[in-house]
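> Input: one structure, supplied below.
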Amino acid sequence: YFPLSDYLNETNHFNILLLTDDDSAIQELLDFHATERNWTYIPRKRFTGPEGGWLGFFPSGDVIQEMVVILAEMKLASTCQKLVHTRSGFAKMLVQEMKLSNYDKNIETIRIDAGRQPNNTFYIAPDEFFRRIDEKKKSLKDA
């Protein structure tokens with residue numbers, strides 16, 4: 001959960017394709033960056049912050065709609081030559097799609113989370129996350 005501005009700091013491109021599963025990124029775009037760039041994104045239901053958890057893949061509750069969105073986003077990304085992202089299996093798939101479609105051009109990727117932790121209240125460091133899981137398991141055993 002990095003602010004949208006962190007991503008924007010990594011590119012001077014005017015045309016931006018925003019691929020996000022977090023509604024707070026869309027809200028930040030609308031509140032602070034709407035007139036700065038030419039934005040493209042798919043209007044759809046998204047989770048906000050940690051809502052949905054790690055296994056909450058389908059905010060709409062409609063698996064077919066979510067697959068259509070994923071395929072559409074991959075097709076849209078195939079027209080791009082730069083990807084600013086965080087660690088993500090989806091980002092890896094996007095890069096492959098971009099390379100296939102732009103075989104004669106260099107694809108630039110920038111991973112903004114390398115060596116950083118998100119600066120927000122939603123983030124839990126991995127060691128703290130697993131400590132909480134262990135605590136929860138112990139409390140369930142003791143109950």
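The chains in the structure tokens are called A, B, ... from first to last as shown; in each chain the residues are counted from 1, and the ligands are counted from 1 in the order shown.
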Determine which residues of chain A receive a DSSP assignment of strand (DSSP E), computed from the backbone, and state them as a ChimeraX atom specification.

/A:15-17,38-40,82-85,108-111

> Just want the 12 Å neighbourhood of region 62-70 of chain A, counted on only C-alpha atoms, with same-chain residues fewer than 5 positions away dropped. Output as a ChimeraX atom specification.

/A:19-21,41-46,56-57,75-77,90-91,93-94

> Would you give me, as a list in words, the residues in region 60-124 of chain A that DSSP reads as alpha helix (DSSP H)?

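Going through region 60-124 of chain A, the alpha helix (DSSP H) residues come out as Val63, Ile64, Gln65, Glu66, Met67, Val68, Val69, Ile70, Leu71, Ala72, Glu73, Met74, Lys75, Leu76, Ala77, Gly89, Phe90, Ala91, Lys92, Met93, Leu94, Val95, Gln96, Glu97, Met98, Lys99, Leu100 and Ser101 of chain A.
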
> Write a file of the selected residues as a JSON list (two decimals), in the first residue's frame, keeping N, CA and C atoms.


```
[["chain", "number", "residue", "atom", "x", "y", "z"],
["A", 63, "VAL", "N", -16.72, -13.90, -10.15],
["A", 63, "VAL", "CA", -15.45, -14.42, -10.67],
["A", 63, "VAL", "C", -15.29, -14.16, -12.16],
["A", 64, "ILE", "N", -16.37, -14.31, -12.92],
["A", 64, "ILE", "CA", -16.30, -14.10, -14.37],
["A", 64, "ILE", "C", -15.96, -12.64, -14.67],
["A", 65, "GLN", "N", -16.62, -11.71, -14.00],
["A", 65, "GLN", "CA", -16.32, -10.29, -14.22],
["A", 65, "GLN", "C", -14.87, -9.99, -13.87],
["A", 66, "GLU", "N", -14.39, -10.55, -12.76],
["A", 66, "GLU", "CA", -13.01, -10.31, -12.35],
["A", 66, "GLU", "C", -12.01, -10.84, -13.39],
["A", 67, "MET", "N", -12.31, -12.00, -13.98],
["A", 67, "MET", "CA", -11.42, -12.55, -15.01],
["A", 67, "MET", "C", -11.44, -11.67, -16.26],
["A", 68, "VAL", "N", -12.60, -11.18, -16.63],
["A", 68, "VAL", "CA", -12.69, -10.27, -17.78],
["A", 68, "VAL", "C", -11.85, -9.02, -17.52],
["A", 69, "VAL", "N", -11.93, -8.47, -16.31],
["A", 69, "VAL", "CA", -11.14, -7.29, -15.96],
["A", 69, "VAL", "C", -9.65, -7.60, -16.03],
["A", 70, "ILE", "N", -9.23, -8.73, -15.49],
["A", 70, "ILE", "CA", -7.81, -9.11, -15.52],
["A", 70, "ILE", "C", -7.32, -9.22, -16.97],
["A", 71, "LEU", "N", -8.09, -9.89, -17.81],
["A", 71, "LEU", "CA", -7.68, -10.04, -19.21],
["A", 71, "LEU", "C", -7.66, -8.69, -19.93],
["A", 72, "ALA", "N", -8.63, -7.83, -19.65],
["A", 72, "ALA", "CA", -8.66, -6.50, -20.26],
["A", 72, "ALA", "C", -7.46, -5.68, -19.80],
["A", 73, "GLU", "N", -7.12, -5.76, -18.51],
["A", 73, "GLU", "CA", -5.97, -5.02, -18.01],
["A", 73, "GLU", "C", -4.67, -5.51, -18.64],
["A", 74, "MET", "N", -4.56, -6.81, -18.83],
["A", 74, "MET", "CA", -3.37, -7.34, -19.49],
["A", 74, "MET", "C", -3.27, -6.82, -20.93],
["A", 75, "LYS", "N", -4.39, -6.80, -21.62],
["A", 75, "LYS", "CA", -4.40, -6.31, -23.01],
["A", 75, "LYS", "C", -4.04, -4.82, -23.05],
["A", 76, "LEU", "N", -4.62, -4.03, -22.15],
["A", 76, "LEU", "CA", -4.29, -2.60, -22.09],
["A", 76, "LEU", "C", -2.81, -2.40, -21.77],
["A", 77, "ALA", "N", -2.29, -3.18, -20.82],
["A", 77, "ALA", "CA", -0.88, -3.04, -20.44],
["A", 77, "ALA", "C", 0.06, -3.41, -21.58],
["A", 89, "GLY", "N", 2.91, -11.05, -8.58],
["A", 89, "GLY", "CA", 2.88, -12.03, -9.66],
["A", 89, "GLY", "C", 2.16, -11.48, -10.87],
["A", 90, "PHE", "N", 1.14, -10.65, -10.62],
["A", 90, "PHE", "CA", 0.41, -10.03, -11.72],
["A", 90, "PHE", "C", 1.33, -9.09, -12.51],
["A", 91, "ALA", "N", 2.19, -8.35, -11.81],
["A", 91, "ALA", "CA", 3.14, -7.46, -12.49],
["A", 91, "ALA", "C", 4.08, -8.27, -13.39],
["A", 92, "LYS", "N", 4.50, -9.44, -12.93],
["A", 92, "LYS", "CA", 5.36, -10.29, -13.77],
["A", 92, "LYS", "C", 4.64, -10.70, -15.04],
["A", 93, "MET", "N", 3.37, -11.05, -14.91],
["A", 93, "MET", "CA", 2.58, -11.41, -16.09],
["A", 93, "MET", "C", 2.43, -10.22, -17.03],
["A", 94, "LEU", "N", 2.23, -9.03, -16.47],
["A", 94, "LEU", "CA", 2.09, -7.83, -17.30],
["A", 94, "LEU", "C", 3.37, -7.56, -18.08],
["A", 95, "VAL", "N", 4.52, -7.71, -17.42],
["A", 95, "VAL", "CA", 5.80, -7.48, -18.10],
["A", 95, "VAL", "C", 5.94, -8.44, -19.29],
["A", 96, "GLN", "N", 5.59, -9.71, -19.10],
["A", 96, "GLN", "CA", 5.67, -10.66, -20.20],
["A", 96, "GLN", "C", 4.76, -10.26, -21.36],
["A", 97, "GLU", "N", 3.56, -9.82, -21.03],
["A", 97, "GLU", "CA", 2.62, -9.37, -22.07],
["A", 97, "GLU", "C", 3.16, -8.14, -22.79],
["A", 98, "MET", "N", 3.75, -7.22, -22.03],
["A", 98, "MET", "CA", 4.33, -6.01, -22.62],
["A", 98, "MET", "C", 5.48, -6.37, -23.56],
["A", 99, "LYS", "N", 6.32, -7.31, -23.14],
["A", 99, "LYS", "CA", 7.46, -7.72, -23.98],
["A", 99, "LYS", "C", 6.99, -8.39, -25.26],
["A", 100, "LEU", "N", 5.96, -9.21, -25.17],
["A", 100, "LEU", "CA", 5.44, -9.88, -26.37],
["A", 100, "LEU", "C", 4.89, -8.88, -27.37],
["A", 101, "SER", "N", 4.23, -7.86, -26.88],
["A", 101, "SER", "CA", 3.59, -6.89, -27.77],
["A", 101, "SER", "C", 4.53, -5.79, -28.25]]
```

> Can you pull out the residues contacting region 28-34 of chain A? Cut-off 10 Å, using only C-alpha atoms, and skip same-chain residues under 3 positions away; I want them as a ChimeraX atom specification.

/A:3-5,8,18,23-25,37-39

> What is the distance between CA of Gly115 (chain A) and CA of Glu10 (chain A), in Å to one decimal?

15.5 Å

> A:Ile110, A:Lys138, A:Thr40, A:Asn102: which is nearest Ser78 (chain A), counting only C-alpha atoms?

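The shortest atom-to-atom distance to Ser78 (chain A) comes from A:Asn102.
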
> Which residues come within 6 Å of Lys82 (chain A), counting only C-alpha atoms, excluding same-chain residues fewer than 6 positions away, as a PDB file with C-alpha atoms, in the first residue's frame?


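Contents of part_15.pdb, as written:
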```pdb
ATOM      1  CA  ILE A 107      10.366  -2.274 -21.644  1.00  0.00           C
ATOM      2  CA  GLU A 108      11.295  -0.381 -18.511  1.00  0.00           C
ATOM      3  CA  THR A 109      10.215  -1.686 -15.118  1.00  0.00           C
TER       4      THR A 109
END
```

> So which one's closest to Gln81 (chain A), A:Gln27, A:Asn12, A:Asn106, A:Thr48? Using only C-alpha atoms, please.

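Selected residue with least distance to Gln81 (chain A): A:Asn106.
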
> What gap, in Å, lies between CA of Asn9 (chain A) and CA of Pro59 (chain A)?

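Separation between CA of Asn9 (chain A) and CA of Pro59 (chain A): 28.4 Å.
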